[in-house]
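*Asks:* Input query-v8.csv, format and content: CSV, C-alpha atoms.
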chain,number,residue,atom,x,y,z
A,1,MET,CA,150.2,74.8,74.5
A,2,THR,CA,147.9,72.3,76.1
A,3,ARG,CA,148.7,69.0,77.9
A,4,HIS,CA,150.8,66.6,75.9
A,5,GLY,CA,152.2,69.2,73.5
A,6,VAL,CA,149.0,69.5,71.5
A,7,VAL,CA,149.0,73.0,69.9
A,8,GLY,CA,147.2,74.8,67.2
A,9,PRO,CA,149.0,75.5,64.0
A,10,VAL,CA,152.3,77.1,64.6
A,11,ARG,CA,153.8,79.3,61.9
A,12,LEU,CA,157.5,78.5,61.8
A,13,SER,CA,158.2,82.2,61.2
A,14,ASP,CA,156.5,83.3,64.4
A,15,VAL,CA,159.3,82.0,66.7
A,16,PRO,CA,161.4,85.1,67.7
A,17,ALA,CA,165.0,85.4,66.8
A,18,LEU,CA,167.6,85.0,69.5
A,19,ASP,CA,170.5,87.3,70.1
A,20,ALA,CA,174.1,86.3,71.0
A,21,THR,CA,173.4,86.6,74.8
A,22,ASP,CA,170.3,84.3,74.5
A,23,ALA,CA,172.4,81.8,72.5
A,24,ARG,CA,175.1,81.9,75.2
A,25,LEU,CA,172.5,81.3,77.9
A,26,LEU,CA,171.0,78.4,76.0
A,27,GLN,CA,174.5,76.9,75.4
A,28,ALA,CA,175.1,77.1,79.2
A,29,LEU,CA,171.8,75.4,79.8
A,30,GLY,CA,172.6,72.7,77.3
A,31,GLU,CA,175.8,71.9,79.1
A,32,ASP,CA,174.1,72.0,82.5
A,33,PRO,CA,170.3,71.7,82.3
A,34,ARG,CA,170.0,71.9,86.1
A,35,ALA,CA,172.0,75.0,86.5
A,36,THR,CA,170.4,77.6,88.8
A,37,VAL,CA,169.7,81.2,87.6
A,38,MET,CA,172.5,82.3,90.0
A,39,ALA,CA,175.0,79.8,88.5
A,40,LEU,CA,174.0,80.9,85.0
A,41,SER,CA,174.4,84.6,85.9
A,42,GLN,CA,177.9,84.0,87.4
A,43,ARG,CA,179.0,81.8,84.5
A,44,LEU,CA,177.8,84.3,81.8
A,45,GLY,CA,178.7,87.5,83.8
A,46,LEU,CA,175.1,88.7,83.7
A,47,ALA,CA,172.9,90.0,86.4
A,48,ARG,CA,170.6,87.4,88.0
A,49,ASN,CA,167.5,89.5,87.1
A,50,THR,CA,168.7,89.6,83.4
A,51,VAL,CA,169.1,85.9,83.3
A,52,GLN,CA,165.7,85.3,84.9
A,53,ALA,CA,164.0,87.8,82.5
A,54,ARG,CA,165.6,86.3,79.5
A,55,LEU,CA,164.7,82.7,80.5
A,56,ALA,CA,161.1,83.8,81.1
A,57,ARG,CA,161.0,85.6,77.7
A,58,LEU,CA,162.4,82.5,75.9
A,59,GLU,CA,159.8,80.2,77.6
A,60,SER,CA,156.8,82.5,76.9
A,61,SER,CA,157.8,83.4,73.4
A,62,GLY,CA,157.9,79.8,72.2
A,63,ALA,CA,161.7,79.8,71.6
A,64,LEU,CA,162.1,76.8,73.8
A,65,ALA,CA,160.6,73.4,73.0
A,66,PRO,CA,158.6,71.7,75.7
A,67,PHE,CA,160.6,69.5,78.1
A,68,GLU,CA,158.8,66.3,76.9
A,69,HIS,CA,161.0,66.6,73.7
A,70,ARG,CA,163.8,65.2,75.8
A,71,VAL,CA,162.0,61.9,76.5
A,72,ARG,CA,162.8,59.2,74.0
A,73,PRO,CA,159.9,57.1,72.9
A,74,GLU,CA,162.1,54.0,72.9
A,75,ALA,CA,162.3,54.3,76.7
A,76,LEU,CA,158.5,54.0,76.8
A,77,GLY,CA,158.5,50.8,74.7
A,78,TYR,CA,158.0,52.4,71.3
A,79,ARG,CA,160.9,50.9,69.5
A,80,LEU,CA,159.6,51.3,65.9
A,81,GLY,CA,159.6,54.8,64.3
A,82,ALA,CA,158.2,55.8,61.0
A,83,TYR,CA,157.4,58.8,58.8
A,84,VAL,CA,154.0,58.9,57.2
A,85,THR,CA,153.4,61.2,54.3
A,86,VAL,CA,149.7,62.1,53.9
A,87,GLN,CA,147.9,63.5,51.0
A,88,VAL,CA,144.8,65.5,52.1
A,89,VAL,CA,141.6,66.6,50.3
A,90,GLN,CA,141.9,70.3,49.6
A,91,ARG,CA,140.8,72.6,52.5
A,92,SER,CA,140.9,69.7,55.0
A,93,LEU,CA,144.4,70.3,56.3
A,94,ALA,CA,143.4,71.8,59.6
A,95,ASP,CA,140.8,69.1,60.3
A,96,VAL,CA,143.2,66.3,59.5
A,97,GLY,CA,145.9,67.9,61.6
A,98,ALA,CA,143.4,68.2,64.6
A,99,ALA,CA,142.4,64.5,64.1
A,100,LEU,CA,146.1,63.4,64.0
A,101,ALA,CA,146.7,65.2,67.3
A,102,HIS,CA,144.3,62.8,69.0
A,103,ILE,CA,146.4,59.8,68.1
A,104,PRO,CA,148.9,59.3,70.9
A,105,GLU,CA,151.6,57.6,68.8
A,106,VAL,CA,151.7,60.7,66.5
A,107,LEU,CA,154.7,62.7,67.7
A,108,GLU,CA,154.8,65.5,65.2
A,109,VAL,CA,152.9,66.7,62.2
A,110,THR,CA,154.4,69.2,59.7
A,111,ALA,CA,152.7,70.7,56.7
A,112,LEU,CA,154.7,70.4,53.5
A,113,SER,CA,154.9,71.8,50.0
A,114,GLY,CA,155.0,69.3,47.1
A,115,VAL,CA,153.0,66.1,46.4
A,116,ALA,CA,152.5,65.2,50.1
A,117,ASP,CA,150.6,67.6,52.3
A,118,LEU,CA,151.8,66.4,55.7
A,119,LEU,CA,154.8,64.6,57.2
A,120,VAL,CA,153.7,62.7,60.3
A,121,ARG,CA,156.3,61.2,62.6
A,122,VAL,CA,154.8,58.2,64.5
A,123,VAL,CA,156.1,55.6,66.8
A,124,ALA,CA,154.9,52.1,67.4
A,125,VAL,CA,155.6,49.1,69.6
A,126,ASP,CA,156.0,46.7,66.6
A,127,ALA,CA,154.9,46.2,63.0
A,128,ASP,CA,151.3,45.2,63.9
A,129,ASP,CA,151.0,48.3,66.0
A,130,LEU,CA,152.3,50.5,63.1
A,131,TRP,CA,149.6,48.8,60.9
A,132,ARG,CA,146.9,49.8,63.4
A,133,ILE,CA,148.2,53.4,63.6
A,134,THR,CA,148.4,53.8,59.8
A,135,GLU,CA,144.9,52.4,59.4
A,136,ARG,CA,143.7,54.9,62.0
A,137,VAL,CA,145.4,57.7,60.0
A,138,LEU,CA,143.7,56.5,56.7
A,139,ALA,CA,140.3,56.5,58.4
A,140,ILE,CA,140.5,60.2,59.1
A,141,PRO,CA,138.0,62.1,56.9
A,142,GLY,CA,139.9,64.1,54.3
A,143,VAL,CA,142.9,61.8,54.1
A,144,GLN,CA,143.3,60.6,50.5
A,145,ARG,CA,146.5,58.6,50.6
A,146,THR,CA,149.4,57.7,52.9
A,147,ASP,CA,152.9,56.4,52.3
A,148,THR,CA,154.9,55.0,55.2
A,149,ALA,CA,158.7,54.8,55.6
A,150,LEU,CA,160.3,53.0,58.5
A,151,ALA,CA,163.1,54.9,60.4
A,152,LEU,CA,166.0,52.4,60.5
A,153,ARG,CA,168.6,54.4,62.3
A,154,ARG,CA,169.0,58.0,63.4
A,155,LEU,CA,172.3,59.1,61.9
A,156,VAL,CA,172.2,62.7,63.2
A,157,ASP,CA,170.1,63.3,66.3
A,158,HIS,CA,168.1,66.4,66.7
A,159,ARG,CA,170.5,69.2,67.5
A,160,VAL,CA,170.8,73.0,67.5
A,161,GLY,CA,174.2,73.2,69.2
A,162,PRO,CA,176.0,74.3,66.0
A,163,LEU,CA,173.4,76.9,65.4
A,164,LEU,CA,173.7,78.2,69.0
A,165,ASP,CA,177.5,78.3,68.5
A,166,ARG,CA,177.0,80.4,65.4
A,167,ALA,CA,174.5,82.7,67.0
A,168,ALA,CA,176.7,83.1,70.1
A,169,GLY,CA,179.7,83.9,67.9
A,170,THR,CA,181.6,80.8,69.1
A,171,ASP,CA,181.5,78.8,65.9
A,172,ARG,CA,183.7,75.7,66.0
A,173,PRO,CA,185.3,74.6,62.7
A,174,PRO,CA,183.4,71.7,61.2
A,175,ASP,CA,184.8,68.2,61.7
A,176,THR,CA,186.0,66.8,58.5
A,177,PRO,CA,185.8,63.1,57.9
Output the file's structure as structure tokens, nothing else.
*Replies:*
Amino acid sequence: MTRHGVVGPVRLSDVPALDATDARLLQALGEDPRATVMALSQRLGLARNTVQARLARLESSGALAPFEHRVRPEALGYRLGAYVTVQVVQRSLADVGAALAHIPEVLEVTALSGVADLLVRVVAVDADDLWRITERVLAIPGVQRTDTALALRRLVDHRVGPLLDRAAGTDRPPDTP
């Protein structure tokens, strides 16, 4: 990974599977992100070296997302979010992805199956800024067509807690409305 989270293509299947101990460790970090290795080892009943080695492996293997994922764009003045689907000329996917990585307001690019080739998550200061960003996307060689949908409200925030609970064997019954 390079500065600002720009990476080459990441195969979703390349991220290693976690075991129950890894999941418990990540649960503990989720509850107290500033916990020391010693505090984590005491809480989990593991040797300090075991916790240190597991954390190092989780970081180096790509199992942990970069810290910058915790920063909300709204706090930086980007109050408008949108999802842009992009249709790309065949065999231009890698070049278009690389060009999108140079647009600061592009937070994420995911290759899709189906009619659209890419799903691009962008942020903007306002509608005029979003217009500028989408025009910049359309100007990338290889982009055939875009379609933009505004994000009105996040109903379920990004989460992996329930998946960690399942992996750690501490499933909680789902809340029923």
*Asks:* Produce a table with one row for each residue of segment 79-108 of chain A that has an atom at most 6 Å from any atom of segment 126-148 of chain A, each row naming the nearest atom pair and its distance in Å at one decimal; use only C-alpha atoms; arrange rows by chain and rising residue number; format as a Markdown table.
*Replies:*
| residue | atom | partner | partner_atom | distance |
| --- | --- | --- | --- | --- |
| A:Leu80 | CA | A:Asp126 | CA | 5.9 |
| A:Tyr83 | CA | A:Thr148 | CA | 5.8 |
| A:Val84 | CA | A:Thr148 | CA | 4.5 |
| A:Thr85 | CA | A:Asp147 | CA | 5.2 |
| A:Val86 | CA | A:Thr146 | CA | 4.5 |
| A:Gln87 | CA | A:Arg145 | CA | 5.1 |
| A:Val88 | CA | A:Val143 | CA | 4.6 |
| A:Val89 | CA | A:Gly142 | CA | 5.0 |
| A:Ser92 | CA | A:Gly142 | CA | 5.7 |
*Asks:* Between A:Thr110, A:Leu18, A:Arg72, A:Ser60, which one has atoms that come closest to Gly97 of chain A, using all atoms listed in the file?
*Replies:* A:Thr110
*Asks:* Could you give me, as number ranges by chain, the residues within 9 Å of segment 151-163 of chain A, counting all atoms listed in the file and dropping anything in the same chain fewer than 5 positions from it?
*Replies:* A: 23, 27, 30, 80-83, 168, 171-172
*Asks:* Enter the distance from atom CA of Ala101 of chain A to atom CA of Ala56 of chain A, in Å, rounded to one decimal.
*Replies:*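 Rounded to one decimal, the two atoms are 27.3 Å apart.
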*Asks:* State, in Å with one decimal place, the distance from atom CA of Thr170 of chain A to atom CA of Ser41 of chain A.
*Replies:* 18.7 Å
*Asks:* Atom CA of Ala28 of chain A to atom CA of Gln52 of chain A: how many Å, to one decimal?
*Replies:* 13.7 Å
*Asks:* Distance cut-off 9 Å, centre (152.0, 59.6, 66.5) in file coordinates, counting all atoms listed in the file: which residues qualify? Return them as a PyMOL selection string.
*Replies:* chain A and resi 100-109+120-124+133
*Asks:* Save out the residues we just selected, C-alpha atoms, as a short mmCIF file (atom, residue, chain, number, x, y, z; two decimals), in the coordinates of the input.
*Replies:*
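File written: again15.cif
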data_model
loop_
_atom_site.label_atom_id
_atom_site.label_comp_id
_atom_site.auth_asym_id
_atom_site.auth_seq_id
_atom_site.Cartn_x
_atom_site.Cartn_y
_atom_site.Cartn_z
CA LEU A 100 146.10 63.40 64.00
CA ALA A 101 146.70 65.20 67.30
CA HIS A 102 144.30 62.80 69.00
CA ILE A 103 146.40 59.80 68.10
CA PRO A 104 148.90 59.30 70.90
CA GLU A 105 151.60 57.60 68.80
CA VAL A 106 151.70 60.70 66.50
CA LEU A 107 154.70 62.70 67.70
CA GLU A 108 154.80 65.50 65.20
CA VAL A 109 152.90 66.70 62.20
CA VAL A 120 153.70 62.70 60.30
CA ARG A 121 156.30 61.20 62.60
CA VAL A 122 154.80 58.20 64.50
CA VAL A 123 156.10 55.60 66.80
CA ALA A 124 154.90 52.10 67.40
CA ILE A 133 148.20 53.40 63.60
#
*Asks:* Quick one: of A:Leu25, A:Ala35, A:Leu118, A:Val96, who's nearest to Thr50 of chain A, counting all atoms listed in the file?
*Replies:*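 Among the listed residues, the smallest separation from Thr50 of chain A belongs to A:Leu25.
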*Asks:* Restricting the calculation to only C-alpha atoms: of A:Leu164, A:Leu150, A:Ala17, A:Leu112, which residue gets closest to Ser61 of chain A?
*Replies:*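 That would be A:Ala17, the residue with the smallest distance to Ser61 of chain A.
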